[in-house]
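Contents: one structure, followed by commentary.
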2 protein chains.
Amino acid sequence: SNRVPSCESLRTNPFGEDFSMEDLLRSIELRISWYEELLDRAGREGCDLVVLTEDFTRLSLCMTFLDDRSVFRTAVERQTSLVPERLGAVAKKYSMFIVACYYALEGDRIYNVADLFGRRGELVGRYRKVHMPQYELWQVTPGDSFPAFETDIGWVGMLICYDQMWPEAAACCTMNGAQVICHPSAAVLPEYYMRARAKDNQVHYISSTWQNSMIASPKAEILADAGKEDPAIAWADVDLKGATLADEFFYEYLYSSIRDHKERHLKFRRPEAYRVLTEPRPPLADQYPPGGVANAPEAIEEVYRKHKEIQQKLLRGEEVPYHWRW
Amino acid sequence: SNRVPSCESLRTNPFGEDFSMEDLLRSIELRISWYEELLDRAGREGCDLVVLTEDFTRLSLCMTFLDDRSVFRTAVERQTSLVPERLGAVAKKYSMFIVACYYALEGDRIYNVADLFGRRGELVGRYRKVHMPQYELWQVTPGDSFPAFETDIGWVGMLICYDQMWPEAAACCTMNGAQVICHPSAAVLPEYYMRARAKDNQVHYISSTWQNSMIASPKAEILADAGKEDPAIAWADVDLKGATLADEFFYEYLYSSIRDHKERHLKFRRPEAYRVLTEPRPPLADQYPPGGVANAPEAIEEVYRKHKEIQQKLLRGEEVPYHWRW
């Protein structure tokens, strides 16, 4: 996992008056080059798997610029072919796996994807972000499954940012076979989340975010923490396949006669008792007004107005209530 | 939530040579009386809801004594009528809710139940432990649902001990309406679990265990911690119904236009993407040998032999690899 500086100098802000489409497209290439250097460092260190942050080319600002929606789409179109080409080459050069999270076009639709590139530079698998904050839904289509992909280091699952808020997401990755969950994110992940997700699912959990990055083990240990250094590569030596075996005497081992924690966790599950989790309208819904995500045009308009105001304040260097910078 | 001392003096151990059924039945009554005193303290403090630990009459040792299975059944039969009668009276006296976890007979079956007694001493609802360690399955039938019950303080859900290992359990309680999850337990609950479960589900999470007890808020704060004091009553003043409202400006509020975190968490869920969670045999199962819980007679026999050996060492005051005392 690694982090990157804000690189404000490379950015051109669609909310600003001096926005230039040309500069934006150029900033995508500069971002990729900048990451190539980081990946070179990881590759020379002998890393087998590297996880970049969410939206590593930093198009989020354009995504929320609704005055002209084509700005975002044009930028996404540009990077859809560029990222696999450039990062696939790095993966191949160092014979390592890379998880790259970025917006990509598929036909007419834009997804927030995490691509797993393999040792030969090939695309091993793609995850499409399932849980989206409202602003992302304005222009991006959510995915609908949590695949896991078999590799020579173990089974790899992926989640993106907001997915972390629903423990069902990591559980689905795991039930599909994941031994490691790679989690590119923008938002900071609290340490207790990392520990719980890793322990609950008996997986290694790698979170690579804009502000902190960590690796947690199935024993709920934090194996690596990028701290405040920026940019940083946080890394750990792990055995993804053997990490779930009990190596000490304790009651769960003694009383279950299954030595592998993950196997026990799987075999003691009660899926027939979990059905309410897949109901479109569980009883809890009766406690709230009907309707789903507030995506009526007026609601979007209101949120967008607030968002634009904040972005413009940030551009003028003014204080905002919550310090949120891309 | 509260904790209790081991009260070894009151116990008669079926693994020992001087075991007496009469003493065992008497110890149940002594346990209940002892808890009545604690509940009196809680009642005088004006508590609205009190959560006892798992198996508060401490019959677990008998449950794992397989040489004569009738020992456990006889003890359970005794307390099945005694607990609702005695604790119901306390609930009524102080017009408070009590969650009492104990083994209870229903027809021919023994369940590990958490009973919610109401302000008039009535049984508001019963939860039957769903996830069981293998040794408990020897004599106890698991439940198959995670109900939540409406009360004047809010919706109450319950989990017991081992349930904590599966985040699906707390999520099911929540989807059934729970605003607070009462979790009687024997095993210690790590703090990161408390925080994650409370935050994930936007509930208050009250864990009352034999070794530590805590109350966590939907904001992932630890509101109360019984620490090392024993016995102890850990308590907090909370508003179960209002606790999930956003009271600060931050990005989730800004971008979702739903002020209630729990409502947003509910409405942004993707239940149609979670189906693998309810599959009897998810893809992960292919990574392990077939078969479920190792409950073949020989496996049980082996585990029981180990368990008996440890109990007898403990009775002789010898060291055991993992210090596990009832």
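Chain labels A, B, ... are given in the sequence in which chains occur in the structure tokens; within each chain residues are numbered consecutively from 1, and ligands are likewise numbered from 1 in the order shown.
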Write out as a tab-separated table the residues of chain B that have any atom within 6 Å of an atom of chain A, one row each with the nearest atom pair and its distance in Å to one decimal, counting only C-alpha atoms, sorted by chain and then rising number.
```
residue	atom	partner	partner_atom	distance
B:Gln134	CA	A:Ser256	CA	5.2
B:Tyr135	CA	A:Tyr255	CA	5.9
B:Asp144	CA	A:Ala273	CA	5.2
B:Ser145	CA	A:Ala273	CA	5.4
B:Met175	CA	A:Leu284	CA	5.1
B:Asn176	CA	A:Pro283	CA	5.0
B:Gly177	CA	A:Leu284	CA	4.3
B:Tyr192	CA	A:Tyr192	CA	4.6
B:Tyr193	CA	A:Ala196	CA	5.8
B:Ala196	CA	A:Tyr193	CA	5.8
B:Phe250	CA	A:Tyr322	CA	5.7
B:Tyr255	CA	A:Tyr135	CA	5.9
B:Ser256	CA	A:Gln134	CA	5.2
B:Lys267	CA	A:Gly292	CA	5.3
B:Pro271	CA	A:Thr278	CA	4.4
B:Ala273	CA	A:Asp144	CA	5.2
B:Thr278	CA	A:Pro271	CA	4.4
B:Pro282	CA	A:Met175	CA	5.6
B:Pro283	CA	A:Asn176	CA	5.0
B:Leu284	CA	A:Gly177	CA	4.3
B:Gly292	CA	A:Lys267	CA	5.3
B:Val293	CA	A:Lys267	CA	6.0
B:Tyr322	CA	A:Phe250	CA	5.7
```
Just to be explicit: take each residue in the selection above, keep N, CA, C and O atoms, and write the result as a PDB file, in the first residue's frame.
```pdb
ATOM      1  N   GLN B 134     -18.102 -26.073  19.410  1.00  0.00           N
ATOM      2  CA  GLN B 134     -18.437 -27.497  19.317  1.00  0.00           C
ATOM      3  C   GLN B 134     -18.873 -28.106  20.643  1.00  0.00           C
ATOM      4  O   GLN B 134     -19.846 -28.851  20.713  1.00  0.00           O
ATOM      5  N   TYR B 135     -18.158 -27.775  21.727  1.00  0.00           N
ATOM      6  CA  TYR B 135     -18.485 -28.420  22.998  1.00  0.00           C
ATOM      7  C   TYR B 135     -19.903 -28.110  23.443  1.00  0.00           C
ATOM      8  O   TYR B 135     -20.557 -28.907  24.093  1.00  0.00           O
ATOM      9  N   ASP B 144     -32.057 -20.199  15.574  1.00  0.00           N
ATOM     10  CA  ASP B 144     -31.905 -19.960  14.136  1.00  0.00           C
ATOM     11  C   ASP B 144     -32.398 -18.592  13.676  1.00  0.00           C
ATOM     12  O   ASP B 144     -32.674 -18.402  12.502  1.00  0.00           O
ATOM     13  N   SER B 145     -32.496 -17.637  14.603  1.00  0.00           N
ATOM     14  CA  SER B 145     -32.899 -16.286  14.170  1.00  0.00           C
ATOM     15  C   SER B 145     -32.389 -15.238  15.156  1.00  0.00           C
ATOM     16  O   SER B 145     -31.974 -15.574  16.274  1.00  0.00           O
ATOM     17  N   MET B 175     -30.850  -5.455  11.205  1.00  0.00           N
ATOM     18  CA  MET B 175     -31.837  -5.456  10.116  1.00  0.00           C
ATOM     19  C   MET B 175     -33.230  -5.801  10.639  1.00  0.00           C
ATOM     20  O   MET B 175     -34.233  -5.434  10.060  1.00  0.00           O
ATOM     21  N   ASN B 176     -33.273  -6.507  11.771  1.00  0.00           N
ATOM     22  CA  ASN B 176     -34.572  -6.787  12.394  1.00  0.00           C
ATOM     23  C   ASN B 176     -35.038  -5.644  13.290  1.00  0.00           C
ATOM     24  O   ASN B 176     -36.083  -5.735  13.923  1.00  0.00           O
ATOM     25  N   GLY B 177     -34.247  -4.586  13.372  1.00  0.00           N
ATOM     26  CA  GLY B 177     -34.706  -3.380  14.053  1.00  0.00           C
ATOM     27  C   GLY B 177     -33.928  -2.942  15.274  1.00  0.00           C
ATOM     28  O   GLY B 177     -34.200  -1.870  15.829  1.00  0.00           O
ATOM     29  N   TYR B 192     -11.608  -3.484  19.938  1.00  0.00           N
ATOM     30  CA  TYR B 192     -11.825  -3.142  18.525  1.00  0.00           C
ATOM     31  C   TYR B 192     -13.090  -3.799  17.983  1.00  0.00           C
ATOM     32  O   TYR B 192     -13.741  -3.270  17.092  1.00  0.00           O
ATOM     33  N   TYR B 193     -13.447  -4.955  18.531  1.00  0.00           N
ATOM     34  CA  TYR B 193     -14.699  -5.605  18.134  1.00  0.00           C
ATOM     35  C   TYR B 193     -15.895  -4.769  18.563  1.00  0.00           C
ATOM     36  O   TYR B 193     -16.824  -4.552  17.802  1.00  0.00           O
ATOM     37  N   ALA B 196     -16.169  -1.706  16.360  1.00  0.00           N
ATOM     38  CA  ALA B 196     -16.577  -2.016  14.981  1.00  0.00           C
ATOM     39  C   ALA B 196     -18.047  -2.439  14.935  1.00  0.00           C
ATOM     40  O   ALA B 196     -18.812  -1.969  14.099  1.00  0.00           O
ATOM     41  N   PHE B 250     -19.855  16.780   8.427  1.00  0.00           N
ATOM     42  CA  PHE B 250     -18.761  15.984   7.860  1.00  0.00           C
ATOM     43  C   PHE B 250     -19.231  15.365   6.551  1.00  0.00           C
ATOM     44  O   PHE B 250     -20.414  15.431   6.212  1.00  0.00           O
ATOM     45  N   TYR B 255     -22.736  14.824   1.852  1.00  0.00           N
ATOM     46  CA  TYR B 255     -22.933  14.241   0.530  1.00  0.00           C
ATOM     47  C   TYR B 255     -24.096  13.277   0.418  1.00  0.00           C
ATOM     48  O   TYR B 255     -24.403  12.823  -0.662  1.00  0.00           O
ATOM     49  N   SER B 256     -24.712  12.917   1.546  1.00  0.00           N
ATOM     50  CA  SER B 256     -25.780  11.942   1.394  1.00  0.00           C
ATOM     51  C   SER B 256     -27.157  12.556   1.517  1.00  0.00           C
ATOM     52  O   SER B 256     -28.135  11.953   1.105  1.00  0.00           O
ATOM     53  N   LYS B 267     -30.163   2.481   3.784  1.00  0.00           N
ATOM     54  CA  LYS B 267     -30.618   2.761   2.425  1.00  0.00           C
ATOM     55  C   LYS B 267     -29.508   2.660   1.381  1.00  0.00           C
ATOM     56  O   LYS B 267     -29.786   2.549   0.193  1.00  0.00           O
ATOM     57  N   PRO B 271     -28.357  -5.251  -0.682  1.00  0.00           N
ATOM     58  CA  PRO B 271     -28.689  -6.642  -0.308  1.00  0.00           C
ATOM     59  C   PRO B 271     -28.629  -7.633  -1.473  1.00  0.00           C
ATOM     60  O   PRO B 271     -28.266  -8.790  -1.287  1.00  0.00           O
ATOM     61  N   ALA B 273     -26.502  -7.767  -3.629  1.00  0.00           N
ATOM     62  CA  ALA B 273     -25.101  -8.149  -3.883  1.00  0.00           C
ATOM     63  C   ALA B 273     -24.542  -9.045  -2.776  1.00  0.00           C
ATOM     64  O   ALA B 273     -23.402  -9.477  -2.851  1.00  0.00           O
ATOM     65  N   THR B 278     -25.713 -16.098   2.206  1.00  0.00           N
ATOM     66  CA  THR B 278     -26.744 -17.057   2.631  1.00  0.00           C
ATOM     67  C   THR B 278     -26.662 -18.382   1.871  1.00  0.00           C
ATOM     68  O   THR B 278     -27.518 -19.242   2.036  1.00  0.00           O
ATOM     69  N   PRO B 282     -20.745 -21.698   0.050  1.00  0.00           N
ATOM     70  CA  PRO B 282     -20.130 -20.643  -0.767  1.00  0.00           C
ATOM     71  C   PRO B 282     -18.831 -21.140  -1.397  1.00  0.00           C
ATOM     72  O   PRO B 282     -18.277 -22.151  -0.949  1.00  0.00           O
ATOM     73  N   PRO B 283     -18.333 -20.453  -2.438  1.00  0.00           N
ATOM     74  CA  PRO B 283     -17.102 -20.888  -3.111  1.00  0.00           C
ATOM     75  C   PRO B 283     -15.930 -21.143  -2.170  1.00  0.00           C
ATOM     76  O   PRO B 283     -15.120 -22.034  -2.432  1.00  0.00           O
ATOM     77  N   LEU B 284     -15.817 -20.408  -1.070  1.00  0.00           N
ATOM     78  CA  LEU B 284     -14.710 -20.624  -0.126  1.00  0.00           C
ATOM     79  C   LEU B 284     -14.628 -22.073   0.329  1.00  0.00           C
ATOM     80  O   LEU B 284     -13.534 -22.584   0.615  1.00  0.00           O
ATOM     81  N   GLY B 292     -18.830 -30.709   7.739  1.00  0.00           N
ATOM     82  CA  GLY B 292     -19.100 -29.495   8.491  1.00  0.00           C
ATOM     83  C   GLY B 292     -18.379 -29.528   9.816  1.00  0.00           C
ATOM     84  O   GLY B 292     -17.199 -29.845   9.892  1.00  0.00           O
ATOM     85  N   VAL B 293     -19.075 -29.209  10.863  1.00  0.00           N
ATOM     86  CA  VAL B 293     -18.538 -29.267  12.208  1.00  0.00           C
ATOM     87  C   VAL B 293     -18.072 -30.697  12.470  1.00  0.00           C
ATOM     88  O   VAL B 293     -18.747 -31.649  12.102  1.00  0.00           O
ATOM     89  N   TYR B 322      -3.654 -23.005  28.662  1.00  0.00           N
ATOM     90  CA  TYR B 322      -4.472 -21.804  28.531  1.00  0.00           C
ATOM     91  C   TYR B 322      -5.310 -21.709  29.779  1.00  0.00           C
ATOM     92  O   TYR B 322      -5.996 -22.655  30.153  1.00  0.00           O
TER      93      TYR B 322
END
```
Which residues, written as a list in words, have at least one atom at most 7 Å from Pro14 in chain B, with only C-alpha atoms counted and residues fewer than 5 positions away on the same chain left out? Phe19, Cys62 and Phe65 of chain B
Store the residues picked out above, limited to all heavy atoms, as a PDB file, in the first residue's frame.
```pdb
ATOM      1  N   PHE B  19     -18.312 -34.661  43.921  1.00  0.00           N
ATOM      2  CA  PHE B  19     -19.464 -33.980  43.311  1.00  0.00           C
ATOM      3  C   PHE B  19     -20.778 -34.339  44.005  1.00  0.00           C
ATOM      4  O   PHE B  19     -21.036 -35.501  44.344  1.00  0.00           O
ATOM      5  CB  PHE B  19     -19.562 -34.338  41.831  1.00  0.00           C
ATOM      6  CG  PHE B  19     -20.828 -33.827  41.208  1.00  0.00           C
ATOM      7  CD1 PHE B  19     -20.993 -32.472  40.967  1.00  0.00           C
ATOM      8  CD2 PHE B  19     -21.876 -34.696  40.888  1.00  0.00           C
ATOM      9  CE1 PHE B  19     -22.164 -31.979  40.400  1.00  0.00           C
ATOM     10  CE2 PHE B  19     -23.047 -34.207  40.317  1.00  0.00           C
ATOM     11  CZ  PHE B  19     -23.191 -32.858  40.079  1.00  0.00           C
ATOM     12  N   CYS B  62     -20.924 -28.264  33.917  1.00  0.00           N
ATOM     13  CA  CYS B  62     -21.792 -29.451  33.855  1.00  0.00           C
ATOM     14  C   CYS B  62     -22.105 -29.789  32.404  1.00  0.00           C
ATOM     15  O   CYS B  62     -22.210 -30.954  32.026  1.00  0.00           O
ATOM     16  CB  CYS B  62     -23.103 -29.214  34.577  1.00  0.00           C
ATOM     17  SG  CYS B  62     -22.885 -28.454  36.159  1.00  0.00           S
ATOM     18  N   PHE B  65     -19.616 -31.969  30.928  1.00  0.00           N
ATOM     19  CA  PHE B  65     -19.374 -33.229  31.637  1.00  0.00           C
ATOM     20  C   PHE B  65     -20.202 -34.322  30.969  1.00  0.00           C
ATOM     21  O   PHE B  65     -21.415 -34.425  31.166  1.00  0.00           O
ATOM     22  CB  PHE B  65     -19.774 -33.076  33.115  1.00  0.00           C
ATOM     23  CG  PHE B  65     -19.503 -34.303  33.934  1.00  0.00           C
ATOM     24  CD1 PHE B  65     -18.203 -34.754  34.134  1.00  0.00           C
ATOM     25  CD2 PHE B  65     -20.547 -35.019  34.506  1.00  0.00           C
ATOM     26  CE1 PHE B  65     -17.953 -35.892  34.894  1.00  0.00           C
ATOM     27  CE2 PHE B  65     -20.304 -36.154  35.260  1.00  0.00           C
ATOM     28  CZ  PHE B  65     -19.003 -36.593  35.454  1.00  0.00           C
TER      29      PHE B  65
END
```
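In this comparison, which uses only C-alpha atoms, the residue of A:Trp34, A:Tyr111, A:Tyr205, A:Phe15 approaching Ala170 in chain A most closely is A:Tyr205.
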Practice problem: Find the residues near Ala224 in chain A: any atom within 10 Å, counting only C-alpha atoms, skip ones fewer than 3 places away on the same chain, and give them as a ChimeraX atom specification. | Solution: /A:1,206,213-217,221,227,233-237
With C-alpha atoms kept, could you save the residues just selected as a CSV table (one decimal), in the first residue's frame?
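Here's the written file part.csv:
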```
chain,number,residue,atom,x,y,z
A,1,SER,CA,0.0,0.0,0.0
A,206,ILE,CA,-4.5,-4.0,3.1
A,213,SER,CA,-2.4,3.1,5.0
A,214,MET,CA,-2.1,-0.1,7.0
A,215,ILE,CA,-1.8,-3.9,6.7
A,216,ALA,CA,-3.7,-6.0,9.2
A,217,SER,CA,-3.3,-9.7,9.8
A,221,GLU,CA,-2.3,-7.3,14.4
A,227,GLY,CA,2.1,6.8,9.4
A,233,ILE,CA,5.3,2.5,0.9
A,234,ALA,CA,4.1,0.4,3.9
A,235,TRP,CA,5.0,-3.2,3.5
A,236,ALA,CA,5.0,-6.6,5.3
A,237,ASP,CA,6.2,-10.1,4.7
```
List the spatial neighbours of Glu85 in chain A as a PyMOL selection string - criterion: any atom at most 10 Å away, only C-alpha atoms, same-chain residues fewer than 6 positions off excluded. chain A and resi 79+121-122
Filtering to N, CA, C and O atoms, could you give me those residues as a PDB file, in the first residue's frame?
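Now in again36.pdb:
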```pdb
ATOM      1  N   GLN A  79      -8.060   7.790 -19.545  1.00  0.00           N
ATOM      2  CA  GLN A  79      -7.259   6.895 -18.701  1.00  0.00           C
ATOM      3  C   GLN A  79      -7.682   5.427 -18.812  1.00  0.00           C
ATOM      4  O   GLN A  79      -6.941   4.546 -18.386  1.00  0.00           O
ATOM      5  N   GLY A 121       1.695  -8.774 -16.555  1.00  0.00           N
ATOM      6  CA  GLY A 121       1.106  -7.499 -16.977  1.00  0.00           C
ATOM      7  C   GLY A 121      -0.349  -7.618 -17.389  1.00  0.00           C
ATOM      8  O   GLY A 121      -0.979  -6.633 -17.783  1.00  0.00           O
ATOM      9  N   GLU A 122      -0.868  -8.847 -17.323  1.00  0.00           N
ATOM     10  CA  GLU A 122      -2.249  -9.071 -17.779  1.00  0.00           C
ATOM     11  C   GLU A 122      -3.253  -8.639 -16.712  1.00  0.00           C
ATOM     12  O   GLU A 122      -2.928  -8.559 -15.542  1.00  0.00           O
TER      13      GLU A 122
END
```
Fewer than 6 positions away in the same chain doesn't count, so skip those; otherwise give me all residues within 12 Å of range 208-210 of chain B, counting only C-alpha atoms, as a PyMOL selection string. chain B and resi 1-7+50-58+99-101+158-162+181-190+194+216+224-235+324-326
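Closest approach to Ser81 in chain A among A:Leu66, A:Leu49, A:Leu137, A:Ile28: A:Ile28, based on only C-alpha atoms.
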Pick out each residue of range 64-211 of chain B that DSSP on the backbone tags as helix (DSSP H, G or I); I need them as a count of residues only.
-> 53
Met96 in chain B proximity check over B:Lys129, B:Arg44, B:Arg73, B:Arg109, using only C-alpha atoms: winner is B:Arg44
Q: Write out as a PyMOL selection string all residues of range 13-254 of chain B that backbone DSSP assigns to strand (DSSP E or B).
A: chain B and resi 49-51+97-106+109-117+123-128+148-151+154-158+180-184+204-208+213-216+222-225+232-233+245
What's the 8 Å shell around Met63 in chain B, counting only C-alpha atoms, without same-chain residues fewer than 5 positions away, as a ChimeraX atom specification? /B:69,72,136,139
May I have the selected residues written with C-alpha atoms, as an mmCIF file, in the first residue's frame?
```cif
data_model
loop_
_atom_site.group_PDB
_atom_site.id
_atom_site.type_symbol
_atom_site.label_atom_id
_atom_site.label_comp_id
_atom_site.auth_asym_id
_atom_site.auth_seq_id
_atom_site.Cartn_x
_atom_site.Cartn_y
_atom_site.Cartn_z
ATOM 1 C CA ARG B 69 -25.295 -36.067 30.749
ATOM 2 C CA PHE B 72 -26.574 -30.779 33.205
ATOM 3 C CA GLU B 136 -21.739 -26.550 23.485
ATOM 4 C CA GLN B 139 -25.950 -30.950 24.712
#
```
